[in-house]
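Listing of target.cif; format and content: mmCIF, C-alpha atoms.
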```cif
data_upload
#
loop_
_atom_site.label_atom_id
_atom_site.label_comp_id
_atom_site.auth_asym_id
_atom_site.auth_seq_id
_atom_site.Cartn_x
_atom_site.Cartn_y
_atom_site.Cartn_z
CA MET A 6 106.45 94.27 45.18
CA HIS A 7 106.25 90.50 45.60
CA GLU A 8 106.49 89.31 49.17
CA PHE A 9 107.79 86.29 51.03
CA ARG A 10 107.89 85.66 54.78
CA VAL A 11 109.96 83.21 56.72
CA GLN A 12 110.81 82.43 60.33
CA VAL A 13 114.42 81.35 60.93
CA GLY A 14 115.02 80.44 64.56
CA PRO A 15 113.82 83.37 66.67
CA ALA A 16 113.95 85.90 63.80
CA ALA A 17 111.07 86.65 61.45
CA PHE A 18 111.77 88.10 58.02
CA ARG A 19 109.69 89.74 55.32
CA ILE A 20 111.40 89.83 51.96
CA GLY A 21 109.99 92.09 49.33
CA SER A 22 111.14 91.78 45.74
CA ARG A 23 110.64 93.89 42.63
CA TRP A 24 110.56 90.62 40.65
CA ARG A 25 108.57 87.43 41.09
CA GLN A 26 111.36 84.94 40.43
CA PRO A 27 113.51 85.46 43.58
CA VAL A 28 110.41 85.17 45.77
CA GLU A 29 109.44 81.91 44.04
CA GLN A 30 112.95 80.54 44.54
CA LEU A 31 112.91 81.51 48.21
CA ALA A 32 109.45 80.01 48.69
CA ALA A 33 110.62 76.70 47.19
CA LEU A 34 113.76 76.51 49.34
CA TYR A 35 112.04 77.66 52.54
CA ALA A 36 108.86 75.64 51.91
CA ASP A 37 109.10 73.75 55.23
CA TYR A 38 109.76 76.82 57.40
CA PRO A 39 107.10 78.62 59.47
CA LYS A 40 105.65 81.80 57.98
CA PRO A 41 105.51 84.57 60.61
CA GLU A 42 102.64 87.02 61.06
CA ILE A 43 104.78 89.89 62.25
CA PRO A 44 108.29 90.26 60.88
CA ASP A 45 111.23 91.53 62.91
CA PHE A 46 113.03 92.66 59.78
CA THR A 47 112.25 93.64 56.23
CA VAL A 48 114.61 93.05 53.32
CA ARG A 49 113.85 94.56 49.93
CA LEU A 50 115.34 93.39 46.66
CA ASP A 51 114.96 96.24 44.25
CA ALA A 52 116.48 97.62 41.10
CA PRO A 53 119.20 100.19 41.77
CA SER A 54 117.64 102.32 39.00
CA LEU A 55 114.61 102.26 36.68
CA LEU A 56 116.81 101.12 33.80
CA ARG A 57 118.21 98.18 35.78
CA ARG A 58 114.69 96.86 36.38
CA PHE A 59 114.66 95.71 32.76
CA LEU A 60 118.07 96.01 31.11
CA ARG A 61 121.04 94.05 32.52
CA LYS A 62 118.87 93.59 35.58
CA SER A 63 120.63 93.92 38.90
CA VAL A 64 119.53 93.67 42.51
CA ALA A 65 120.17 96.24 45.23
CA ILE A 66 119.83 95.03 48.82
CA ASN A 67 117.67 97.37 50.89
CA GLY A 68 116.00 96.88 54.23
CA ASP A 69 115.61 98.07 57.79
CA PHE A 70 119.41 97.99 58.14
CA MET A 71 121.52 98.78 55.10
CA LEU A 72 125.10 99.27 54.08
CA PRO A 73 125.18 102.54 52.16
CA ASP A 74 127.96 101.47 49.79
CA ALA A 75 126.75 97.93 49.05
CA VAL A 76 127.21 97.10 45.36
CA PRO A 77 124.15 95.66 43.54
CA LEU A 78 124.38 92.02 42.44
CA PRO A 79 123.48 90.64 39.00
CA PHE A 80 119.87 89.45 38.79
CA GLY A 81 121.00 85.80 38.59
CA GLN A 82 122.34 86.19 42.13
CA ALA A 83 119.08 87.43 43.66
CA LEU A 84 119.04 84.50 46.13
CA LEU A 85 122.45 85.51 47.37
CA ALA A 86 121.19 89.09 47.65
CA ALA A 87 118.31 87.85 49.83
CA GLU A 88 120.73 85.85 51.99
CA MET A 89 123.04 88.85 52.36
CA GLY A 90 120.10 91.08 53.21
CA MET A 91 118.89 88.70 55.92
CA ASN A 92 122.42 88.38 57.34
CA LEU A 93 122.76 92.13 57.38
CA GLN A 94 119.55 92.58 59.37
CA MET A 95 120.78 90.08 61.95
CA ALA A 96 124.32 91.45 62.13
CA LEU A 97 123.24 95.06 62.51
CA GLY A 98 119.85 94.80 64.13
CA TRP A 99 119.57 91.78 66.41
CA ARG A 100 119.79 92.60 70.13
CA ARG A 101 118.00 89.71 71.86
CA HIS A 102 121.07 87.44 71.90
CA LEU A 103 124.83 87.72 71.75
CA LEU A 104 125.37 87.05 68.08
CA LEU A 105 128.40 85.02 67.00
CA HIS A 106 129.49 84.64 63.39
CA ALA A 107 129.76 80.87 63.66
CA SER A 108 128.19 77.57 62.71
CA ALA A 109 126.76 75.05 65.17
CA VAL A 110 125.52 71.48 65.46
CA GLU A 111 123.96 69.69 68.41
CA ARG A 112 124.07 66.24 69.94
CA GLU A 113 122.34 65.10 73.13
CA GLY A 114 121.37 68.64 74.02
CA ARG A 115 124.86 70.07 73.77
CA ALA A 116 126.20 72.31 71.06
CA LEU A 117 129.44 72.24 69.10
CA ILE A 118 130.24 75.72 67.83
CA MET A 119 132.68 76.42 64.99
CA THR A 120 133.97 79.80 63.96
CA GLY A 121 136.59 81.17 61.63
CA ALA A 122 137.17 83.37 58.63
CA SER A 123 135.47 82.77 55.30
CA GLY A 124 137.04 79.65 53.75
CA SER A 125 137.87 78.04 57.11
CA GLY A 126 135.23 75.40 56.43
CA LYS A 127 132.91 76.14 59.34
CA SER A 128 129.84 76.12 57.12
CA THR A 129 130.77 72.93 55.22
CA LEU A 130 131.69 71.12 58.44
CA SER A 131 128.36 71.96 60.03
CA ALA A 132 126.56 70.73 56.90
CA LEU A 133 128.62 67.49 56.85
CA LEU A 134 128.03 66.86 60.55
CA GLY A 135 124.33 67.48 59.91
CA GLN A 136 124.43 64.40 57.67
CA ARG A 137 126.24 62.29 60.29
CA GLY A 138 124.01 62.14 63.30
CA TRP A 139 124.30 65.71 64.53
CA ARG A 140 121.45 68.22 64.44
CA PHE A 141 122.37 71.15 62.21
CA MET A 142 121.74 74.44 64.07
CA GLY A 143 123.13 77.00 61.65
CA ASP A 144 126.04 77.80 59.37
CA GLU A 145 126.22 81.57 59.78
CA PHE A 146 125.09 82.81 63.19
CA VAL A 147 124.95 81.30 66.65
CA LEU A 148 122.73 83.22 69.06
CA LEU A 149 123.74 82.99 72.72
CA ASP A 150 121.01 83.61 75.27
CA LEU A 151 122.02 86.58 77.41
CA ASP A 152 120.78 84.95 80.64
CA SER A 153 121.28 81.20 80.25
CA GLY A 154 124.16 81.17 77.76
CA ALA A 155 122.32 78.55 75.66
CA ALA A 156 122.86 78.55 71.90
CA THR A 157 119.69 79.21 69.91
CA PRO A 158 119.59 77.82 66.36
CA PHE A 159 119.47 80.01 63.28
CA PRO A 160 119.10 77.32 60.60
CA ARG A 161 118.76 79.40 57.44
CA MET A 162 119.59 77.87 54.05
CA ILE A 163 123.08 76.38 54.07
CA SER A 164 125.24 78.50 51.80
CA LEU A 165 127.71 76.18 50.04
CA LYS A 166 130.69 77.69 48.29
CA ASN A 167 133.01 76.40 45.58
CA GLU A 168 134.34 72.86 46.31
CA ALA A 169 131.80 72.40 49.11
CA ILE A 170 128.99 72.31 46.52
CA ALA A 171 130.08 69.05 44.89
CA ALA A 172 131.16 67.60 48.24
CA MET A 173 127.70 68.12 49.74
CA GLN A 174 125.90 66.85 46.65
CA VAL A 175 127.78 63.59 47.24
CA ALA A 176 127.37 63.62 51.04
CA ALA A 177 123.67 64.52 50.96
CA PRO A 178 122.26 63.24 47.63
CA ALA A 179 118.68 63.42 48.89
CA ALA A 180 118.88 67.06 50.01
CA ARG A 181 117.18 69.91 48.12
CA PHE A 182 119.51 72.38 46.47
CA GLY A 183 118.94 75.81 44.96
CA PRO A 184 120.28 77.04 41.63
CA LEU A 185 124.04 77.29 41.05
CA MET A 186 125.19 80.90 41.12
CA THR A 187 128.58 81.33 39.47
CA ALA A 188 131.10 84.14 39.74
CA THR A 189 129.53 85.77 42.78
CA PRO A 190 131.73 87.96 45.03
CA LYS A 191 132.30 84.76 47.08
CA GLY A 192 132.89 82.43 44.12
CA ASP A 193 130.33 79.79 43.15
CA ILE A 194 127.41 79.47 45.54
CA MET A 195 124.58 76.99 45.91
CA HIS A 196 122.03 76.86 48.71
CA MET A 197 121.03 73.63 50.38
CA VAL A 198 117.92 73.06 52.48
CA PRO A 199 118.98 71.91 55.97
CA PRO A 200 117.89 68.47 57.19
CA VAL A 201 114.29 68.35 58.34
CA ALA A 202 115.20 68.07 62.07
CA ALA A 203 117.04 71.38 61.83
CA ILE A 204 113.79 73.04 60.79
CA THR A 205 111.27 71.24 63.00
CA ARG A 206 113.50 71.67 66.07
CA MET A 207 114.67 75.21 65.40
CA ALA A 208 113.16 76.50 68.65
CA GLU A 209 115.26 74.02 70.71
CA SER A 210 118.39 75.57 72.10
CA ALA A 211 121.44 73.69 73.39
CA GLN A 212 124.13 74.51 75.92
CA PRO A 213 127.51 75.17 74.21
CA ALA A 214 129.95 72.37 75.08
CA LEU A 215 132.86 72.77 72.66
CA LEU A 216 134.19 75.60 70.50
CA LEU A 217 136.39 74.88 67.48
CA PHE A 218 138.36 77.20 65.22
CA PRO A 219 138.72 75.09 62.06
CA SER A 220 141.30 75.92 59.45
CA PHE A 221 141.15 74.16 56.08
CA GLY A 222 144.22 73.28 54.04
CA HIS A 223 146.80 72.33 56.66
CA LEU A 224 148.11 69.06 58.01
CA PRO A 225 145.88 67.74 60.80
CA ALA A 226 146.68 69.40 64.12
CA VAL A 227 144.93 70.41 67.32
CA ARG A 228 145.90 73.37 69.52
CA GLU A 229 144.32 74.48 72.75
CA VAL A 230 142.95 78.03 72.70
CA ALA A 231 143.16 79.72 76.10
CA PRO A 232 140.19 81.78 77.33
CA GLY A 233 142.01 85.10 76.79
CA GLU A 234 142.72 84.37 73.12
CA ASN A 235 139.27 82.88 72.80
CA PHE A 236 137.73 86.10 74.14
CA MET A 237 139.72 88.18 71.67
CA ARG A 238 138.67 86.03 68.72
CA MET A 239 135.03 85.78 69.77
CA THR A 240 134.58 89.51 70.27
CA GLN A 241 135.86 89.90 66.70
CA ALA A 242 133.40 87.22 65.60
CA SER A 243 130.45 88.97 67.24
CA THR A 244 128.64 91.73 65.41
CA ASN A 245 126.69 93.00 68.42
CA TYR A 246 129.07 92.50 71.37
CA VAL A 247 129.73 96.24 71.76
CA ALA A 248 126.09 97.22 71.26
CA LEU A 249 124.94 94.86 74.04
CA GLY A 250 127.15 96.54 76.64
CA GLU A 251 127.35 94.82 80.02
CA ALA A 252 124.94 92.03 79.03
CA GLY A 253 127.26 91.17 76.14
CA PHE A 254 130.29 91.19 78.43
CA ARG A 255 128.57 88.85 80.88
CA ALA A 256 127.46 86.44 78.16
CA MET A 257 130.84 86.46 76.41
CA THR A 258 132.94 85.94 79.54
CA ARG A 259 130.70 83.09 80.67
CA PHE A 260 131.04 81.53 77.23
CA VAL A 261 134.84 81.69 77.04
CA LYS A 262 135.28 80.56 80.65
CA SER A 263 132.93 77.60 80.46
CA VAL A 264 133.45 76.23 76.94
CA PRO A 265 136.70 74.43 76.03
CA ALA A 266 138.19 75.73 72.79
CA ARG A 267 140.53 74.16 70.24
CA ALA A 268 141.98 75.27 66.90
CA ILE A 269 141.95 72.41 64.41
CA ASP A 270 143.74 72.11 61.07
CA TYR A 271 142.53 69.63 58.46
CA GLN A 272 142.79 68.80 54.77
CA THR A 273 139.67 66.77 54.09
CA GLY A 274 136.14 66.64 55.42
CA ASP A 275 136.61 63.07 56.72
CA GLU A 276 139.75 64.13 58.57
CA ALA A 277 137.91 67.04 60.17
CA ILE A 278 134.99 64.87 61.22
CA ALA A 279 137.32 62.31 62.81
CA LEU A 280 139.03 65.14 64.72
CA VAL A 281 135.70 66.59 65.84
CA GLU A 282 134.42 63.21 67.06
CA ARG A 283 137.64 62.56 68.95
CA LEU A 284 137.64 65.96 70.65
CA TRP A 285 133.95 65.68 71.48
CA GLU A 286 134.55 62.27 73.06
CA ARG A 287 137.46 63.59 75.11
CA LEU A 288 136.25 67.05 76.16
CA VAL A 289 132.49 66.86 76.43
CA MET B 265 160.00 125.55 90.59
CA VAL B 266 159.32 122.04 91.89
CA ALA B 267 156.63 120.15 89.98
CA PRO B 268 153.65 119.36 92.19
CA THR B 269 153.38 115.74 93.28
CA LYS B 270 151.07 113.79 90.99
CA TYR B 271 148.29 111.85 92.60
CA TYR B 272 146.20 109.21 90.90
CA ILE B 273 142.80 107.90 91.87
CA ALA B 274 141.32 104.71 90.46
CA GLU B 275 137.98 104.55 88.66
CA PRO B 276 135.45 103.59 91.37
CA ALA B 277 135.33 99.82 91.77
CA ASP B 278 131.57 99.71 91.14
CA GLN B 279 132.26 101.10 87.66
CA LEU B 280 134.57 98.23 86.75
CA TRP B 281 133.82 94.56 86.18
CA VAL B 282 137.11 92.74 86.51
CA GLU B 283 137.21 89.20 85.11
CA PRO B 284 140.54 87.32 85.32
CA LEU B 285 140.85 84.73 82.53
CA ASP B 286 144.43 83.44 82.30
CA ALA B 287 147.41 85.68 81.58
CA ILE B 288 144.80 88.20 80.48
CA THR B 289 142.38 90.02 82.74
CA LEU B 290 139.30 91.65 81.26
CA ILE B 291 138.08 94.93 82.67
CA TYR B 292 134.66 96.10 81.56
CA GLN B 293 134.15 99.79 82.28
CA ARG B 294 130.47 100.49 82.86
CA ARG B 295 130.60 104.23 82.17
CA SER B 296 132.17 103.88 78.73
CA GLY B 297 131.03 100.38 77.78
CA ILE B 298 134.61 99.61 76.78
CA THR B 299 136.25 96.25 77.47
CA HIS B 300 139.96 96.50 78.32
CA MET B 301 142.26 93.49 78.08
CA VAL B 302 145.15 93.91 80.47
CA VAL B 303 148.01 91.85 81.89
CA GLU B 304 150.07 91.95 85.08
CA PRO B 305 150.70 94.32 86.85
CA VAL B 306 147.65 96.39 85.80
CA PRO B 307 145.01 94.49 87.81
CA GLU B 308 147.35 94.49 90.81
CA ILE B 309 147.89 98.25 90.49
CA LEU B 310 144.15 98.92 90.43
CA THR B 311 143.59 96.70 93.45
CA ALA B 312 146.44 98.30 95.40
CA MET B 313 145.14 101.81 94.67
CA GLY B 314 141.98 101.21 96.67
CA VAL B 315 139.67 104.21 96.90
CA ASP B 316 142.14 106.92 97.87
CA ALA B 317 144.32 109.20 95.76
CA VAL B 318 147.86 107.84 95.80
CA THR B 319 151.28 108.76 94.45
CA ALA B 320 153.38 106.40 92.36
CA ALA B 321 155.87 106.19 95.24
CA ALA B 322 153.15 105.15 97.69
CA LEU B 323 151.94 102.52 95.22
CA VAL B 324 155.45 101.15 94.84
CA ALA B 325 155.60 100.71 98.60
CA LYS B 326 152.34 98.76 98.54
CA LEU B 327 153.22 96.66 95.50
CA SER B 328 156.78 95.80 96.54
CA ASP B 329 155.31 93.36 99.06
CA GLN B 330 153.85 91.36 96.16
CA PHE B 331 156.36 91.92 93.37
CA ASP B 332 160.08 92.20 92.89
CA LEU B 333 160.11 95.70 91.42
CA GLY B 334 163.88 96.32 91.44
CA THR B 335 165.25 99.54 92.86
CA ASP B 336 162.81 102.14 94.14
CA GLU B 337 163.69 104.51 91.29
CA ASP B 338 163.12 101.89 88.56
CA ALA B 339 159.93 100.73 90.20
CA GLU B 340 158.54 104.24 90.46
CA ALA B 341 159.26 104.87 86.79
CA VAL B 342 157.51 101.63 85.79
CA VAL B 343 154.48 102.27 87.98
CA THR B 344 154.24 105.89 86.81
CA ALA B 345 154.31 104.73 83.19
CA ARG B 346 151.48 102.24 83.85
CA LEU B 347 149.47 104.86 85.74
CA GLU B 348 149.82 107.30 82.85
CA GLU B 349 148.65 104.61 80.43
CA LEU B 350 145.70 103.81 82.67
CA ALA B 351 144.87 107.51 82.88
CA GLU B 352 144.78 107.66 79.06
CA LEU B 353 142.35 104.73 79.11
CA GLY B 354 140.19 106.40 81.74
CA LEU B 355 140.74 103.62 84.28
CA VAL B 356 142.55 105.97 86.66
CA HIS B 357 142.32 109.73 86.96
CA ARG B 358 145.09 112.25 87.54
CA THR B 359 144.71 114.64 90.42
CA GLN B 360 147.10 117.07 92.01
CA CYS B 361 145.20 117.67 95.18
CA ASP B 362 146.24 115.97 98.37
CA ALA B 363 143.62 113.46 99.27
#
```
Spell out the structure here as structure tokens.
Amino acid sequence: MHEFRVQVGPAAFRIGSRWRQPVEQLAALYADYPKPEIPDFTVRLDAPSLLRRFLRKSVAINGDFMLPDAVPLPFGQALLAAEMGMNLQMALGWRRHLLLHASAVEREGRALIMTGASGSGKSTLSALLGQRGWRFMGDEFVLLDLDSGAATPFPRMISLKNEAIAAMQVAAPAARFGPLMTATPKGDIMHMVPPVAAITRMAESAQPALLLFPSFGHLPAVREVAPGENFMRMTQASTNYVALGEAGFRAMTRFVKSVPARAIDYQTGDEAIALVERLWERLV
Amino acid sequence: MVAPTKYYIAEPADQLWVEPLDAITLIYQRRSGITHMVVEPVPEILTAMGVDAVTAAALVAKLSDQFDLGTDEDAEAVVTARLEELAELGLVHRTQCDA
């Protein structure tokens, strides 16, 4: 097994791989990240069978926490397999924070959190804002401190999908990108290394100040989301709310009661950023 | 034979964390770890029940000060229906003993 270690925010990962290439790709993309001594989680990229180690190679995602019916990915998508494996460990195993499936950026010590279904644009928006004066905190998980309610960054590789790939190559020409993976279960995917401040400041948390539910592909509009609806949506967006019990309830109710929430519709990245800046100015 | 009068007793208050948000009130039940999302008049029913076993009719008498519940018969049917739902959720418990 080849091995790679990386610290992303508060979580430390060890990734073992049957093959050298995925580990080399990960090491190149995560070159600026700390390397932990003691991992919280282990992910293993292995062949689903002896035959698939060599012939039509494919990658099964194993680890401390696994989905029993996960389908192996083609070998060319090993980076995606590593990303999925790391996400799975967090989603199923992390208990130190209330975990929200959301992206986040920070300005002046306060966090803007964005959540929504796949394709809503939460990941792309966080990456775009990260190029426009905001500190990128993460595009997949936001970790809320159970006592203080502060958002802790989880700035893993930004996972760009489909049209967002070309858009970010234009918006961030100096950024480092991984290989293009085509025809994955989520379409085309390319990883992008977050801006350097996202990595050097990944231990700095920020108090949530605004929550947005972006929705791509509609005429620009803003709608207030009341705390009750917000609670319903956020419990669906949290993978460990139930497991945390009363601590999760306390953290979630504080979050929905204290953070203003808006649903925003938009058709272009520039439109979304203008909306975000306007709402931030007005509500924060 | 006359059916015995049904009494209901609320889950002890220290087992419930009640958090009003807007139209929705959240009730976190410590014993089960389940979060319930309820609307009026459920929080009011639980508050009015207090710590004693009560009948639907007695609850109607308490609640009619706060709410326009219509005729006594309608009100009792509505409150009984809510109490039965709450019993299914484990937020109140059915008892047939006089308290």
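Minimum atom-to-atom distance to Leu31 in chain A, evaluated using all atoms listed in the file, belongs to A:Gly183 out of A:Gly183, A:Pro199, A:Pro44, A:Pro225.
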The PyMOL selection byres ((chain B) within 9 of (chain A)) - which residues does that actually catch in the file I just gave you? List them as a short mmCIF file (atom, residue, chain, number, x, y, z; two decimals) with C-alpha atoms, in the frame of the given file.
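File written: expr23.cif
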```cif
data_model
loop_
_atom_site.label_atom_id
_atom_site.label_comp_id
_atom_site.auth_asym_id
_atom_site.auth_seq_id
_atom_site.Cartn_x
_atom_site.Cartn_y
_atom_site.Cartn_z
CA TRP B 281 133.82 94.56 86.18
CA GLU B 283 137.21 89.20 85.11
CA PRO B 284 140.54 87.32 85.32
CA LEU B 285 140.85 84.73 82.53
CA ASP B 286 144.43 83.44 82.30
CA ALA B 287 147.41 85.68 81.58
CA ILE B 288 144.80 88.20 80.48
CA THR B 289 142.38 90.02 82.74
CA LEU B 290 139.30 91.65 81.26
CA TYR B 292 134.66 96.10 81.56
CA GLN B 293 134.15 99.79 82.28
CA ARG B 294 130.47 100.49 82.86
CA GLY B 297 131.03 100.38 77.78
CA ILE B 298 134.61 99.61 76.78
CA THR B 299 136.25 96.25 77.47
CA MET B 301 142.26 93.49 78.08
#
```
Quick one: axis-aligned box around all listed atoms of range 172-181 of chain A, 8 Å on every side, centre and edge lengths in Å to one decimal, written as AutoDock Vina command-line options.
```
--center_x 124.2 --center_y 66.6 --center_z 48.8 --size_x 30.0 --size_y 22.7 --size_z 20.4
```
As an exercise, work out the distance from CA of Glu349 in chain B to CA of Ala252 in chain A in Å and give it to one decimal place.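 These two atoms are separated by 26.9 Å.
With distances restricted to only C-alpha atoms, A:Leu148 is the closest residue to Arg101 in chain A from A:Val201, A:Met186, A:Ala155, A:Leu148.
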Using all atoms listed in the file, which of the listed residues (A:Ile20, A:Leu78, A:Leu105, A:Ile163) sits closest to Ile204 in chain A? A:Ile163
Expansion of the PyMOL selection byres ((chain B and resi 327) around 12) into residues, as a list of chain:residue names: B:Glu304, B:Pro305, B:Val306, B:Pro307, B:Glu308, B:Ile309, B:Leu310, B:Thr311, B:Ala312, B:Met313, B:Ala320, B:Ala321, B:Ala322, B:Leu323, B:Val324, B:Ala325, B:Lys326, B:Ser328, B:Asp329, B:Gln330, B:Phe331, B:Asp332, B:Leu333, B:Gly334, B:Asp336, B:Ala339, B:Glu340, B:Val342, B:Val343
Atom pair CA of Leu224 in chain A + CA of Tyr271 in chain A, distance 5.6 Å
I'd like the interatomic distance between CA of Pro200 in chain A and CA of Arg140 in chain A, to a tenth of an Å. 8.1 Å
Which residues match the PyMOL selection byres ((chain B and resi 265-270) around 7) in the file above, as JSON, numbers by chain? {"B": [271, 272, 319, 359, 360]}
Tell me which protein, DNA and RNA residues are within 10 Å of Met197 in chain A, counting all atoms listed in the file, leaving out same-chain ones fewer than 2 positions away, and put them as an MDAnalysis selection string. chainID A and resid 34 132 161:165 170 173:174 177 180:184 194:195 199:200
Excluding range 60-68 of chain A and its own-chain neighbours fewer than 2 positions away, which residues fall within 7 Å of it when counting only C-alpha atoms? Please give them as a list in words. Thr47, Val48, Arg49, Leu50, Asp51, Ala52, Pro53, Leu56, Arg57, Arg58, Phe70, Met71, Pro77, Leu78, Pro79, Phe80, Ala83, Ala86 and Gly90 of chain A
For each of B:Thr335, B:Val315, B:Ala277, B:Leu353, take the minimum atom-to-atom distance to Val302 in chain B, counting all atoms listed in the file, then give the residue where this is smallest.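 Smallest separation from Val302 in chain B among the options: B:Leu353.
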